[in-house]
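Reading through the structure tokens given below for one structure.
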Amino acid sequence: MNYTQALTEDIFQVIGKSADELGLEAYVIGGFVRDFFLKRGTSKDIDIVAVGSGITLAEKVASKLRGKPKVAVFKNFGTAMLKHEGIELEFVGARKESYHRDSRKPVVENGSLDDDQRRRDFTINALALSINKATFGNLLDPFEGIKDLERQLLRTPLDPNTTYSDDPLRMMRAVRFATQLGFTIELPSLQAITDNKDRLKIISNERIVDELHKIMQTPEPSTGFALLHKTGLLASILPELTALQGVEEIEGQKHKDNFWHTLEVVDNICKNTDNLWLRWAALLHDIGKAPTKRFHKKIGWTFHGHEFVGSKMVYKLFKRLRMPLNDKMKFVQKIVLMSSRPIILSEEHVSDSAVRRLVFDAGEHVEDLMTLCEADITTKNTKKQRKYKNNFTLVRQKIIEVEERDSIRNFQPPISGEEIMTAFDLKPSKEIGIIKDHIKEAILEGDIPNEFEAAKALMLKKGNELGLKIKSE
Ligand code: ATP
Ligand code: MG
């Protein structure tokens, strides 16, 4: 079959001509071809394989392009990369690979196109379109990749045991593609992943996290996490999560399965936010529940302090996976720490002062926190569901009202410590802290507005109570 219509970009003509001049065969391969057939929109990230030197081809192509783009050559990998008009082209020479058991870095030798297609991870990623003039647009599909696209199936070109054991990162990629594309991993592959799960230890955490991020950026990450769980991969990557799985029953009292609940929360939040870190916060919001779980004869199951414990676990988890220990992590920690606060509000009467305190503590992240709490409603009891949702709507309204009135979000005390010192002619002392705190509390409680005059009056009153003398003017 011929698919010239996939190759509308002018660049393909240039590459074809360059390859012809060098007497090389050249093909577009991988994600670009797959996404064309899936009608996912043409990818700007294009992989070219040459039977011969990919680097030589890249240099020839660059010399023909307007602006003569720079070619980045990675000699060790035998690859070259160039950027042209928003397109990123990666060139590689067709190769044959053989692997050592302790590394995912293969020993490479030159090979045919067929050899190169065999080393690819999935049949749908091994599709190649010819770009030489005489055969422009011809499809080479030795492993029935097109059929797998139709069947929505992830299958490896070789025996799956070999493919996954050679490069265990492919196990993560299988789960990621299954989640991104909504495809099924064929059974022998799923079995091979399960059998090879311990091989993941030769993969760097950075690579694993890259794939987790990609799973997290899909509309339903639960698909990926369920697969990671089923194959046993999750227990080594995120044991904090698998520890949440299961329901215990004592004396007829059960708690919910917090693993499956968490996955539901993640899918819910993905409908309302693209913020990757808020999605992570949703994934991790209950991890403190495993270590804090207790059974009490009178009250049943409790998870006291799980938010605090959970937020501490976030740090360890990020550190272990070599995720950034920066403000992103602090954001996740904060959301986890505060994850139950709006829930308590939604169960009871929503008071102004409780909302003010929430805004004060959550600061700029209060909306994100609300988004998590709304996603956290997974009860199947429609009456309860309606009640919680209504209350959260009320909380959101009150947040706006309180904000308009008292601007609590980036709370600045209406009276500074210096002003207090001047008023009472004080040196730095504990009274200043006491007065400041008293004013803040009164504002949060709604006893006084967040304004200078009211705060000044209260300062004088409190100072008087503390036996301080007002400085004579
Ligand atoms: P996307 O760019 O959307 O993530 P992709 O399929 O283009 O998907 P890349 O990581 O860009 O993925 O890799 C390009 C191609 O290289 C793949 O389509 C596949 O043929 C091959 N490939 C990438 N990583 C591996 C791997 N670990 N094992 C085997 N083949 C791989
Ligand atoms: Mg790609």
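Starting from 1 in every chain, residues are counted up; chains themselves are A, B, ... following the order of the structure tokens, and ligands are numbered from 1 as listed.
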Find the residues around segment 294-308 of chain A up to 8 Å (only C-alpha atoms counted), leave out those fewer than 5 positions away in its own chain, and share them as a short mmCIF file (atom, residue, chain, number, x, y, z; two decimals) with C-alpha atoms, in the first residue's frame.
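So out-v8.cif came out as:
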data_model
loop_
_atom_site.label_atom_id
_atom_site.label_comp_id
_atom_site.auth_asym_id
_atom_site.auth_seq_id
_atom_site.Cartn_x
_atom_site.Cartn_y
_atom_site.Cartn_z
CA ILE A 250 -13.36 -6.57 62.18
CA GLN A 253 -16.99 -3.10 60.43
CA LYS A 254 -15.24 -2.46 57.13
CA HIS A 255 -13.29 0.44 55.71
CA HIS A 285 -3.57 12.27 49.11
CA ASP A 286 -4.39 9.13 51.10
CA ILE A 287 -0.98 7.42 51.34
CA GLY A 288 -0.85 8.19 55.06
CA LYS A 289 -3.81 5.92 55.59
CA VAL A 336 -1.99 16.30 50.99
CA LEU A 337 -1.66 17.90 54.43
CA MET A 338 -4.82 19.94 53.95
CA SER A 339 -6.78 17.35 51.98
CA SER A 340 -9.39 16.72 54.68
#
Using only C-alpha atoms and all ligand atoms, find each residue in chain A having at least one atom no more than 8 Å away from ligand 1; report its shortest atom-to-atom pair and that distance in Å (one decimal), rows by chain then rising number, as JSON lines.
{"residue": "A:Ile29", "atom": "CA", "partner": "ligand 1", "partner_atom_place_in_ligand_line": "20 (O)", "distance": 6.6}
{"residue": "A:Gly30", "atom": "CA", "partner": "ligand 1", "partner_atom_place_in_ligand_line": "18 (O)", "distance": 3.3}
{"residue": "A:Gly31", "atom": "CA", "partner": "ligand 1", "partner_atom_place_in_ligand_line": "7 (O)", "distance": 3.4}
{"residue": "A:Phe32", "atom": "CA", "partner": "ligand 1", "partner_atom_place_in_ligand_line": "7 (O)", "distance": 6.3}
{"residue": "A:Arg34", "atom": "CA", "partner": "ligand 1", "partner_atom_place_in_ligand_line": "6 (O)", "distance": 7.5}
{"residue": "A:Asp35", "atom": "CA", "partner": "ligand 1", "partner_atom_place_in_ligand_line": "3 (O)", "distance": 8.0}
{"residue": "A:Ser43", "atom": "CA", "partner": "ligand 1", "partner_atom_place_in_ligand_line": "3 (O)", "distance": 7.8}
{"residue": "A:Asp45", "atom": "CA", "partner": "ligand 1", "partner_atom_place_in_ligand_line": "2 (O)", "distance": 6.7}
{"residue": "A:Ile46", "atom": "CA", "partner": "ligand 1", "partner_atom_place_in_ligand_line": "7 (O)", "distance": 7.5}
{"residue": "A:Asp47", "atom": "CA", "partner": "ligand 1", "partner_atom_place_in_ligand_line": "14 (C)", "distance": 6.4}
{"residue": "A:Gln117", "atom": "CA", "partner": "ligand 1", "partner_atom_place_in_ligand_line": "20 (O)", "distance": 7.5}
{"residue": "A:Arg119", "atom": "CA", "partner": "ligand 1", "partner_atom_place_in_ligand_line": "29 (C)", "distance": 5.7}
{"residue": "A:Arg120", "atom": "CA", "partner": "ligand 1", "partner_atom_place_in_ligand_line": "30 (N)", "distance": 3.6}
{"residue": "A:Asp121", "atom": "CA", "partner": "ligand 1", "partner_atom_place_in_ligand_line": "29 (C)", "distance": 3.8}
{"residue": "A:Phe122", "atom": "CA", "partner": "ligand 1", "partner_atom_place_in_ligand_line": "20 (O)", "distance": 6.9}
{"residue": "A:Ile124", "atom": "CA", "partner": "ligand 1", "partner_atom_place_in_ligand_line": "18 (O)", "distance": 7.7}
{"residue": "A:Asn125", "atom": "CA", "partner": "ligand 1", "partner_atom_place_in_ligand_line": "18 (O)", "distance": 4.1}
{"residue": "A:Ala126", "atom": "CA", "partner": "ligand 1", "partner_atom_place_in_ligand_line": "20 (O)", "distance": 5.2}
{"residue": "A:Leu127", "atom": "CA", "partner": "ligand 1", "partner_atom_place_in_ligand_line": "20 (O)", "distance": 7.9}
{"residue": "A:Thr163", "atom": "CA", "partner": "ligand 1", "partner_atom_place_in_ligand_line": "28 (N)", "distance": 7.9}
{"residue": "A:Asp167", "atom": "CA", "partner": "ligand 1", "partner_atom_place_in_ligand_line": "27 (N)", "distance": 6.2}
{"residue": "A:Pro168", "atom": "CA", "partner": "ligand 1", "partner_atom_place_in_ligand_line": "27 (N)", "distance": 7.8}
{"residue": "A:Leu169", "atom": "CA", "partner": "ligand 1", "partner_atom_place_in_ligand_line": "27 (N)", "distance": 5.7}
{"residue": "A:Arg170", "atom": "CA", "partner": "ligand 1", "partner_atom_place_in_ligand_line": "27 (N)", "distance": 5.1}
{"residue": "A:Arg173", "atom": "CA", "partner": "ligand 1", "partner_atom_place_in_ligand_line": "27 (N)", "distance": 7.4}
Saved selection, atoms kept: N, CA and C atoms, as an mmCIF file, in the first residue's frame:
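out24.cif, written as the output of this step:
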data_model
loop_
_atom_site.group_PDB
_atom_site.id
_atom_site.type_symbol
_atom_site.label_atom_id
_atom_site.label_comp_id
_atom_site.auth_asym_id
_atom_site.auth_seq_id
_atom_site.Cartn_x
_atom_site.Cartn_y
_atom_site.Cartn_z
ATOM 1 N N ILE A 29 9.721 6.328 10.611
ATOM 2 C CA ILE A 29 9.370 5.154 11.416
ATOM 3 C C ILE A 29 8.845 5.590 12.786
ATOM 4 N N GLY A 30 8.113 4.713 13.430
ATOM 5 C CA GLY A 30 7.738 4.951 14.835
ATOM 6 C C GLY A 30 6.507 5.826 15.014
ATOM 7 N N GLY A 31 6.585 6.669 16.065
ATOM 8 C CA GLY A 31 5.429 7.449 16.519
ATOM 9 C C GLY A 31 4.719 8.252 15.431
ATOM 10 N N PHE A 32 5.499 8.851 14.526
ATOM 11 C CA PHE A 32 4.882 9.676 13.482
ATOM 12 C C PHE A 32 3.941 8.845 12.619
ATOM 13 N N ARG A 34 2.666 5.815 13.296
ATOM 14 C CA ARG A 34 1.564 5.319 14.146
ATOM 15 C C ARG A 34 0.475 6.384 14.297
ATOM 16 N N ASP A 35 0.890 7.590 14.656
ATOM 17 C CA ASP A 35 -0.102 8.643 14.915
ATOM 18 C C ASP A 35 -0.832 9.063 13.642
ATOM 19 N N SER A 43 2.503 14.309 14.183
ATOM 20 C CA SER A 43 3.461 14.616 15.234
ATOM 21 C C SER A 43 4.580 15.488 14.667
ATOM 22 N N ASP A 45 7.471 15.427 15.922
ATOM 23 C CA ASP A 45 8.662 14.745 16.405
ATOM 24 C C ASP A 45 8.793 13.522 15.480
ATOM 25 N N ILE A 46 9.771 13.616 14.551
ATOM 26 C CA ILE A 46 9.813 12.635 13.463
ATOM 27 C C ILE A 46 11.102 11.815 13.504
ATOM 28 N N ASP A 47 10.955 10.494 13.456
ATOM 29 C CA ASP A 47 12.122 9.606 13.473
ATOM 30 C C ASP A 47 12.375 9.053 12.080
ATOM 31 N N GLN A 117 13.422 -2.864 12.540
ATOM 32 C CA GLN A 117 12.017 -2.966 12.962
ATOM 33 C C GLN A 117 11.853 -3.987 14.089
ATOM 34 N N ARG A 119 13.885 -4.505 16.511
ATOM 35 C CA ARG A 119 14.353 -4.004 17.802
ATOM 36 C C ARG A 119 13.371 -2.998 18.402
ATOM 37 N N ARG A 120 12.302 -2.699 17.689
ATOM 38 C CA ARG A 120 11.324 -1.721 18.178
ATOM 39 C C ARG A 120 10.462 -2.355 19.256
ATOM 40 N N ASP A 121 9.823 -1.515 20.053
ATOM 41 C CA ASP A 121 9.090 -2.072 21.194
ATOM 42 C C ASP A 121 7.762 -2.731 20.827
ATOM 43 N N PHE A 122 6.987 -2.070 19.953
ATOM 44 C CA PHE A 122 5.666 -2.628 19.630
ATOM 45 C C PHE A 122 5.444 -2.648 18.132
ATOM 46 N N ILE A 124 3.040 -1.625 16.509
ATOM 47 C CA ILE A 124 2.482 -0.350 16.016
ATOM 48 C C ILE A 124 3.547 0.747 15.971
ATOM 49 N N ASN A 125 4.675 0.521 16.627
ATOM 50 C CA ASN A 125 5.777 1.488 16.590
ATOM 51 C C ASN A 125 6.851 1.070 15.605
ATOM 52 N N ALA A 126 6.617 -0.029 14.893
ATOM 53 C CA ALA A 126 7.616 -0.530 13.944
ATOM 54 C C ALA A 126 7.213 -0.239 12.502
ATOM 55 N N LEU A 127 6.093 0.448 12.328
ATOM 56 C CA LEU A 127 5.630 0.775 10.980
ATOM 57 C C LEU A 127 6.589 1.773 10.324
ATOM 58 N N THR A 163 11.735 -9.124 24.362
ATOM 59 C CA THR A 163 11.585 -7.671 24.237
ATOM 60 C C THR A 163 11.649 -6.983 25.601
ATOM 61 N N ASP A 167 15.045 -4.778 27.338
ATOM 62 C CA ASP A 167 14.932 -3.391 27.799
ATOM 63 C C ASP A 167 13.647 -3.247 28.622
ATOM 64 N N PRO A 168 13.787 -3.376 29.940
ATOM 65 C CA PRO A 168 12.594 -3.380 30.802
ATOM 66 C C PRO A 168 11.811 -2.066 30.795
ATOM 67 N N LEU A 169 12.430 -0.996 30.270
ATOM 68 C CA LEU A 169 11.671 0.253 30.171
ATOM 69 C C LEU A 169 10.421 0.038 29.305
ATOM 70 N N ARG A 170 10.528 -0.913 28.393
ATOM 71 C CA ARG A 170 9.400 -1.191 27.498
ATOM 72 C C ARG A 170 8.148 -1.622 28.264
ATOM 73 N N ARG A 173 6.572 1.520 29.032
ATOM 74 C CA ARG A 173 6.028 2.082 27.790
ATOM 75 C C ARG A 173 4.754 1.363 27.378
#
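Atom CA of Arg320 of chain A sits 18.9 Å away from atom CA of Leu244 of chain A.
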Exercise for review: From a DSSP pass on the backbone, collect the residues of segment 312-433 of chain A flagged as alpha helix (DSSP H) and hand them back as a PyMOL selection string.
Suggested key: chain A and resi 312-320+327-338+341-347+352-362+366-375+382-406+417-424+430-433
**Study point:** Counting only C-alpha atoms and all ligand atoms, the residue of A:Leu89, A:Val61, A:Ile343, A:Ala134 that sits nearest ligand 2
**Key:**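 Among the listed residues, A:Leu89 lies closest to ligand 2.
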Check your understanding: Pick from A:Ile87, A:Ile55, A:Ala80, A:Ala178: nearest to ligand 2, with only C-alpha atoms and all ligand atoms counted?
Key ->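 Nearest to ligand 2: A:Ile87.
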Check your understanding: Neighbours of segment 384-390 of chain A within 9 Å (only C-alpha atoms; same-chain residues fewer than 3 positions away dropped), as number ranges by chain?
Key -> A: 343, 346-347, 374, 377-381, 393-395
Exercise for review: Mind checking which residues fall within 9 Å of Ala423 of chain A, counting only C-alpha atoms, ignoring those fewer than 2 positions away in the same chain, and posting them as a VMD selection string?
Suggested key: chain A and resid 418 to 421 425 to 426 460 469 to 472
Review point. How would you write, as number ranges by chain, the set of residues in segment 19-227 of chain A that DSSP gives as strand (DSSP E)?
Key: A: 25-29, 45-51, 72-74, 79-84, 87-93, 95-98, 107-110, 128-130, 139-140, 153-154, 184-185
